[in-house]
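Right, one structure below, let's go through it.
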Amino acid sequence: GYSRSELLGRLVSDIDPDMPGDAWLNHWQELKKVRSRTFEGRHKTKDGCLFQVEINANYFAFDGNGYNLALVRDVSKRKQAEEALSISEQQFRTLAENSPDPIFRYDRDCRRLYANQAVGRILGKPVEGMIGKSPADGATLASRQSSMLIGAIRQVFETEEPGQIELDYVAADGHHREYQALLIPEHDASGQVMTVLVIGHDITAIRSV
């Protein structure tokens with residue numbers, strides 16, 4: 001919000017509330033040693049509004065004088081998006097951890113990134129041991145069933161469309177349980193499918209009728 005002439009001659013602390021005089025001195029001495037630093041901070045507009053920035057500071061000497069060439073980028077929109085994503089993930093986990101249905105999240109290599117607590121209760125195994133593994137690892141599914149699930153996950157990645165499959169799990173009590181699984185593609189900001197969410201629903205009672 002400043003004109004160029006207004007900005008010239010001002011102190012860093014005038015536009016950076018996190019860089020008072022003593023902090024600037026420490027920053028200057030450190031920059032002279034490392035020569036280049038990239039860090040995040042805040043800048044203040046002429047009317048007092050704060051926004052988040054990424055600063056790439058570079059020290060160089062010319063004609064016997066030291067200078068700090070600072071390249072500053074406004075990252076407030078990125079930070080807002082990250083915060084929104086964090087809130088969304090927290091909401092997802094609150095819902096998922098309180099769901100009676102088993103919920104998994106898989107990456108492009110069909111490796112589990114997440115499993116909710118319902119999975120542990122149903123299978124009688126700690127979910128921590130399932131993370132990073134594919135459906136083919138362990139004894140939660142028969143070999144043919146594992147191949148079916150892996151194929152269904154890969155198809156969702158390829159088609160970017162939801163899928164559905166029925167699976168037979170061996171529960172903690174030793175009984176076979178039939179589940180109808182819904183496979184949901186999860187997209188990133190660019191629209192690319194990054195993960196696949198698999199939500200199962202017990203249909204054993206329906207199948208036994």
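We name chains A, B, ... following the order of the structure tokens; residues begin at 1 in each chain, and ligands are numbered from 1 as shown.
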Closest atom pairs, stretch 170-193 of chain A residues within 12 Å of stretch 142-155 of chain A, only C-alpha atoms, as JSON lines:
{"residue": "A:Val170", "atom": "CA", "partner": "A:Ala142", "partner_atom": "CA", "distance": 8.9}
{"residue": "A:His176", "atom": "CA", "partner": "A:Ala142", "partner_atom": "CA", "distance": 11.0}
{"residue": "A:Glu178", "atom": "CA", "partner": "A:Gln145", "partner_atom": "CA", "distance": 11.3}
{"residue": "A:Tyr179", "atom": "CA", "partner": "A:Gln145", "partner_atom": "CA", "distance": 11.5}
{"residue": "A:Gln180", "atom": "CA", "partner": "A:Leu149", "partner_atom": "CA", "distance": 11.3}
{"residue": "A:Ala181", "atom": "CA", "partner": "A:Leu149", "partner_atom": "CA", "distance": 9.2}
{"residue": "A:Leu182", "atom": "CA", "partner": "A:Ala152", "partner_atom": "CA", "distance": 10.0}
{"residue": "A:Leu183", "atom": "CA", "partner": "A:Ile153", "partner_atom": "CA", "distance": 7.1}
{"residue": "A:Ile184", "atom": "CA", "partner": "A:Ile153", "partner_atom": "CA", "distance": 9.1}
{"residue": "A:Pro185", "atom": "CA", "partner": "A:Ile153", "partner_atom": "CA", "distance": 9.0}
{"residue": "A:Glu186", "atom": "CA", "partner": "A:Ile153", "partner_atom": "CA", "distance": 11.8}
{"residue": "A:Val193", "atom": "CA", "partner": "A:Arg154", "partner_atom": "CA", "distance": 11.0}
Would you mind exporting N, CA and C atoms of the selected residues as a PDB file, in the first residue's frame?
ATOM      1  N   VAL A 170     -12.599 -62.063   7.450  1.00  0.00           N
ATOM      2  CA  VAL A 170     -12.634 -62.933   8.621  1.00  0.00           C
ATOM      3  C   VAL A 170     -12.545 -62.029   9.847  1.00  0.00           C
ATOM      4  N   HIS A 176     -16.905 -65.398   9.170  1.00  0.00           N
ATOM      5  CA  HIS A 176     -16.778 -64.654   7.917  1.00  0.00           C
ATOM      6  C   HIS A 176     -17.880 -63.599   7.852  1.00  0.00           C
ATOM      7  N   GLU A 178     -19.500 -60.511   5.364  1.00  0.00           N
ATOM      8  CA  GLU A 178     -19.556 -59.952   4.013  1.00  0.00           C
ATOM      9  C   GLU A 178     -19.763 -58.445   4.087  1.00  0.00           C
ATOM     10  N   TYR A 179     -18.964 -57.743   3.309  1.00  0.00           N
ATOM     11  CA  TYR A 179     -19.028 -56.281   3.295  1.00  0.00           C
ATOM     12  C   TYR A 179     -19.198 -55.761   1.874  1.00  0.00           C
ATOM     13  N   GLN A 180     -20.037 -54.759   1.773  1.00  0.00           N
ATOM     14  CA  GLN A 180     -20.147 -54.012   0.520  1.00  0.00           C
ATOM     15  C   GLN A 180     -19.281 -52.773   0.675  1.00  0.00           C
ATOM     16  N   ALA A 181     -18.285 -52.631  -0.201  1.00  0.00           N
ATOM     17  CA  ALA A 181     -17.328 -51.537  -0.083  1.00  0.00           C
ATOM     18  C   ALA A 181     -17.539 -50.514  -1.183  1.00  0.00           C
ATOM     19  N   LEU A 182     -17.627 -49.266  -0.780  1.00  0.00           N
ATOM     20  CA  LEU A 182     -17.728 -48.147  -1.720  1.00  0.00           C
ATOM     21  C   LEU A 182     -16.354 -47.515  -1.845  1.00  0.00           C
ATOM     22  N   LEU A 183     -15.872 -47.364  -3.078  1.00  0.00           N
ATOM     23  CA  LEU A 183     -14.555 -46.782  -3.336  1.00  0.00           C
ATOM     24  C   LEU A 183     -14.738 -45.375  -3.888  1.00  0.00           C
ATOM     25  N   ILE A 184     -14.186 -44.387  -3.179  1.00  0.00           N
ATOM     26  CA  ILE A 184     -14.406 -42.985  -3.515  1.00  0.00           C
ATOM     27  C   ILE A 184     -13.082 -42.320  -3.869  1.00  0.00           C
ATOM     28  N   PRO A 185     -12.982 -41.724  -5.075  1.00  0.00           N
ATOM     29  CA  PRO A 185     -11.746 -41.010  -5.437  1.00  0.00           C
ATOM     30  C   PRO A 185     -11.629 -39.695  -4.669  1.00  0.00           C
ATOM     31  N   GLU A 186     -10.440 -39.391  -4.162  1.00  0.00           N
ATOM     32  CA  GLU A 186     -10.186 -38.130  -3.468  1.00  0.00           C
ATOM     33  C   GLU A 186      -9.221 -37.312  -4.317  1.00  0.00           C
ATOM     34  N   VAL A 193      -6.659 -37.380  -8.965  1.00  0.00           N
ATOM     35  CA  VAL A 193      -6.973 -38.325  -7.902  1.00  0.00           C
ATOM     36  C   VAL A 193      -5.683 -38.690  -7.169  1.00  0.00           C
TER      37      VAL A 193
END
Practice prompt. Enumerate the residues of stretch 26-198 of chain A with a DSSP assignment of alpha helix (DSSP H), computed from the backbone, and present them as a PyMOL selection string.
Written response: chain A and resi 26-34+76-97+117-123+143-159
Could you take the residues named above and write them with C-alpha atoms, as a short mmCIF file (atom, residue, chain, number, x, y, z; two decimals), in the first residue's frame?
data_model
loop_
_atom_site.label_atom_id
_atom_site.label_comp_id
_atom_site.auth_asym_id
_atom_site.auth_seq_id
_atom_site.Cartn_x
_atom_site.Cartn_y
_atom_site.Cartn_z
CA ASN A 26 20.58 -11.37 14.81
CA HIS A 27 19.12 -12.10 11.37
CA TRP A 28 21.81 -9.97 9.69
CA GLN A 29 24.67 -11.69 11.54
CA GLU A 30 23.27 -15.14 10.77
CA LEU A 31 22.71 -14.26 7.11
CA LYS A 32 26.33 -13.16 6.75
CA LYS A 33 27.37 -16.64 7.88
CA VAL A 34 24.96 -18.80 5.87
CA SER A 76 -1.46 -15.98 2.33
CA LYS A 77 -3.74 -17.82 -0.14
CA ARG A 78 -1.61 -20.96 0.12
CA LYS A 79 -1.72 -20.75 3.90
CA GLN A 80 -5.48 -20.32 3.86
CA ALA A 81 -5.79 -23.38 1.62
CA GLU A 82 -3.52 -25.39 3.94
CA GLU A 83 -5.56 -24.34 6.95
CA ALA A 84 -8.80 -25.25 5.20
CA LEU A 85 -7.33 -28.64 4.27
CA SER A 86 -6.22 -29.20 7.87
CA ILE A 87 -9.71 -28.39 9.17
CA SER A 88 -11.26 -30.66 6.56
CA GLU A 89 -8.92 -33.51 7.53
CA GLN A 90 -9.75 -33.02 11.22
CA GLN A 91 -13.46 -33.17 10.44
CA PHE A 92 -12.93 -36.30 8.34
CA ARG A 93 -11.04 -38.05 11.13
CA THR A 94 -13.69 -37.12 13.70
CA LEU A 95 -16.38 -38.67 11.53
CA ALA A 96 -14.27 -41.66 10.50
CA GLU A 97 -13.11 -42.53 14.02
CA GLN A 117 -10.66 -47.77 14.72
CA ALA A 118 -13.65 -49.78 13.48
CA VAL A 119 -11.21 -51.79 11.37
CA GLY A 120 -9.27 -52.73 14.51
CA ARG A 121 -12.42 -53.74 16.35
CA ILE A 122 -13.71 -55.88 13.49
CA LEU A 123 -10.43 -57.63 12.73
CA SER A 143 -5.84 -64.05 -1.94
CA ARG A 144 -8.60 -63.76 -4.55
CA GLN A 145 -10.40 -61.11 -2.51
CA SER A 146 -7.19 -59.12 -2.13
CA SER A 147 -6.67 -59.14 -5.89
CA MET A 148 -10.26 -57.99 -6.41
CA LEU A 149 -9.84 -55.07 -4.03
CA ILE A 150 -6.49 -54.02 -5.53
CA GLY A 151 -8.01 -54.17 -9.00
CA ALA A 152 -10.98 -52.07 -7.89
CA ILE A 153 -8.70 -49.45 -6.31
CA ARG A 154 -6.58 -49.21 -9.45
CA GLN A 155 -9.68 -48.85 -11.57
CA VAL A 156 -10.84 -45.85 -9.51
CA PHE A 157 -7.44 -44.22 -10.02
CA GLU A 158 -7.63 -44.86 -13.76
CA THR A 159 -11.26 -43.88 -14.37
#
Fill in: Polymer residues at most 9 Å from stretch 105-113 of chain A, only C-alpha atoms, same-chain spacing of 4 or more positions, as a PyMOL selection string
chain A and resi 130-135+150+153-154+157+193-199
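Distance-wise, atom CA of A:Phe104 and atom CA of A:Asn116 end up 6.8 Å apart.
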Discussion item. Need to verify the contact set: A:Val75, 12 Å, only C-alpha atoms, exclusion of same-chain residues closer than 6 positions in sequence. Can you return it as a count of residues only?
Written reply: 13
Practice prompt. Please give the complete set of residues from stretch 93-173 of chain A that DSSP, run on the backbone, assigns to strand (DSSP E), formatted as a ChimeraX atom specification.
Written response: /A:103-106,112-115,163-170
Discussion item. Could you check the closest approach to A:Lys125 for each of A:Ala61, A:Leu7, A:Lys46, A:Ala172 and tell me which residue wins, using only C-alpha atoms?
Written reply: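 Closest to A:Lys125, using only C-alpha atoms: A:Ala172.
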Practice prompt. For A:Thr38, please output as a PyMOL selection string all residues within 10 Å (counting only C-alpha atoms; exclusion window: fewer than 2 positions along the same chain).
Written response: chain A and resi 36+40+54-58+70-72
Go ahead and save the residues from that selection, with all heavy atoms, as a JSON list (two decimals), in the first residue's frame.
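Here's the written file part.json:
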[["chain", "number", "residue", "atom", "x", "y", "z"],
["A", 36, "SER", "N", 22.47, -17.41, 2.62],
["A", 36, "SER", "CA", 21.13, -17.47, 2.04],
["A", 36, "SER", "C", 20.19, -18.19, 3.00],
["A", 36, "SER", "O", 20.56, -19.20, 3.60],
["A", 36, "SER", "CB", 21.16, -18.21, 0.69],
["A", 36, "SER", "OG", 19.86, -18.27, 0.13],
["A", 40, "GLU", "N", 9.49, -18.23, 6.51],
["A", 40, "GLU", "CA", 8.16, -17.63, 6.43],
["A", 40, "GLU", "C", 7.97, -16.59, 7.52],
["A", 40, "GLU", "O", 8.55, -16.70, 8.60],
["A", 40, "GLU", "CB", 7.07, -18.70, 6.53],
["A", 40, "GLU", "CG", 7.07, -19.65, 5.33],
["A", 40, "GLU", "CD", 5.95, -20.66, 5.40],
["A", 40, "GLU", "OE1", 5.27, -20.74, 6.45],
["A", 40, "GLU", "OE2", 5.75, -21.38, 4.40],
["A", 54, "GLU", "N", 6.60, -15.58, 2.22],
["A", 54, "GLU", "CA", 7.80, -16.42, 2.20],
["A", 54, "GLU", "C", 8.95, -15.54, 1.75],
["A", 54, "GLU", "O", 8.85, -14.85, 0.74],
["A", 54, "GLU", "CB", 7.63, -17.60, 1.24],
["A", 54, "GLU", "CG", 8.84, -18.52, 1.19],
["A", 54, "GLU", "CD", 8.65, -19.64, 0.20],
["A", 54, "GLU", "OE1", 8.90, -19.41, -1.01],
["A", 54, "GLU", "OE2", 8.24, -20.74, 0.61],
["A", 55, "ILE", "N", 10.02, -15.53, 2.52],
["A", 55, "ILE", "CA", 11.15, -14.62, 2.28],
["A", 55, "ILE", "C", 12.40, -15.42, 1.94],
["A", 55, "ILE", "O", 12.78, -16.32, 2.69],
["A", 55, "ILE", "CB", 11.43, -13.74, 3.51],
["A", 55, "ILE", "CG1", 10.16, -12.96, 3.90],
["A", 55, "ILE", "CG2", 12.59, -12.79, 3.24],
["A", 55, "ILE", "CD1", 10.26, -12.27, 5.26],
["A", 56, "ASN", "N", 12.99, -15.09, 0.81],
["A", 56, "ASN", "CA", 14.28, -15.66, 0.44],
["A", 56, "ASN", "C", 15.32, -14.55, 0.57],
["A", 56, "ASN", "O", 15.36, -13.63, -0.25],
["A", 56, "ASN", "CB", 14.24, -16.22, -0.98],
["A", 56, "ASN", "CG", 15.58, -16.71, -1.46],
["A", 56, "ASN", "OD1", 16.09, -16.28, -2.49],
["A", 56, "ASN", "ND2", 16.19, -17.63, -0.71],
["A", 57, "ALA", "N", 16.12, -14.61, 1.65],
["A", 57, "ALA", "CA", 17.11, -13.57, 1.93],
["A", 57, "ALA", "C", 18.49, -14.03, 1.48],
["A", 57, "ALA", "O", 18.89, -15.16, 1.75],
["A", 57, "ALA", "CB", 17.12, -13.25, 3.42],
["A", 58, "ASN", "N", 19.22, -13.15, 0.79],
["A", 58, "ASN", "CA", 20.55, -13.48, 0.25],
["A", 58, "ASN", "C", 21.52, -12.36, 0.58],
["A", 58, "ASN", "O", 21.27, -11.19, 0.30],
["A", 58, "ASN", "CB", 20.47, -13.66, -1.27],
["A", 58, "ASN", "CG", 19.48, -14.74, -1.68],
["A", 58, "ASN", "OD1", 19.81, -15.89, -1.75],
["A", 58, "ASN", "ND2", 18.23, -14.32, -1.93],
["A", 70, "ALA", "N", 16.38, -9.41, -0.54],
["A", 70, "ALA", "CA", 15.25, -10.20, -0.06],
["A", 70, "ALA", "C", 14.17, -10.31, -1.13],
["A", 70, "ALA", "O", 13.65, -9.29, -1.59],
["A", 70, "ALA", "CB", 14.66, -9.58, 1.21],
["A", 71, "LEU", "N", 13.87, -11.52, -1.51],
["A", 71, "LEU", "CA", 12.80, -11.79, -2.47],
["A", 71, "LEU", "C", 11.60, -12.29, -1.67],
["A", 71, "LEU", "O", 11.67, -13.32, -1.00],
["A", 71, "LEU", "CB", 13.24, -12.84, -3.49],
["A", 71, "LEU", "CG", 14.57, -12.54, -4.20],
["A", 71, "LEU", "CD1", 14.96, -13.68, -5.12],
["A", 71, "LEU", "CD2", 14.49, -11.23, -4.95],
["A", 72, "VAL", "N", 10.50, -11.55, -1.75],
["A", 72, "VAL", "CA", 9.35, -11.82, -0.90],
["A", 72, "VAL", "C", 8.15, -12.23, -1.75],
["A", 72, "VAL", "O", 7.85, -11.60, -2.77],
["A", 72, "VAL", "CB", 8.99, -10.58, -0.05],
["A", 72, "VAL", "CG1", 7.83, -10.89, 0.89],
["A", 72, "VAL", "CG2", 10.20, -10.11, 0.73]]
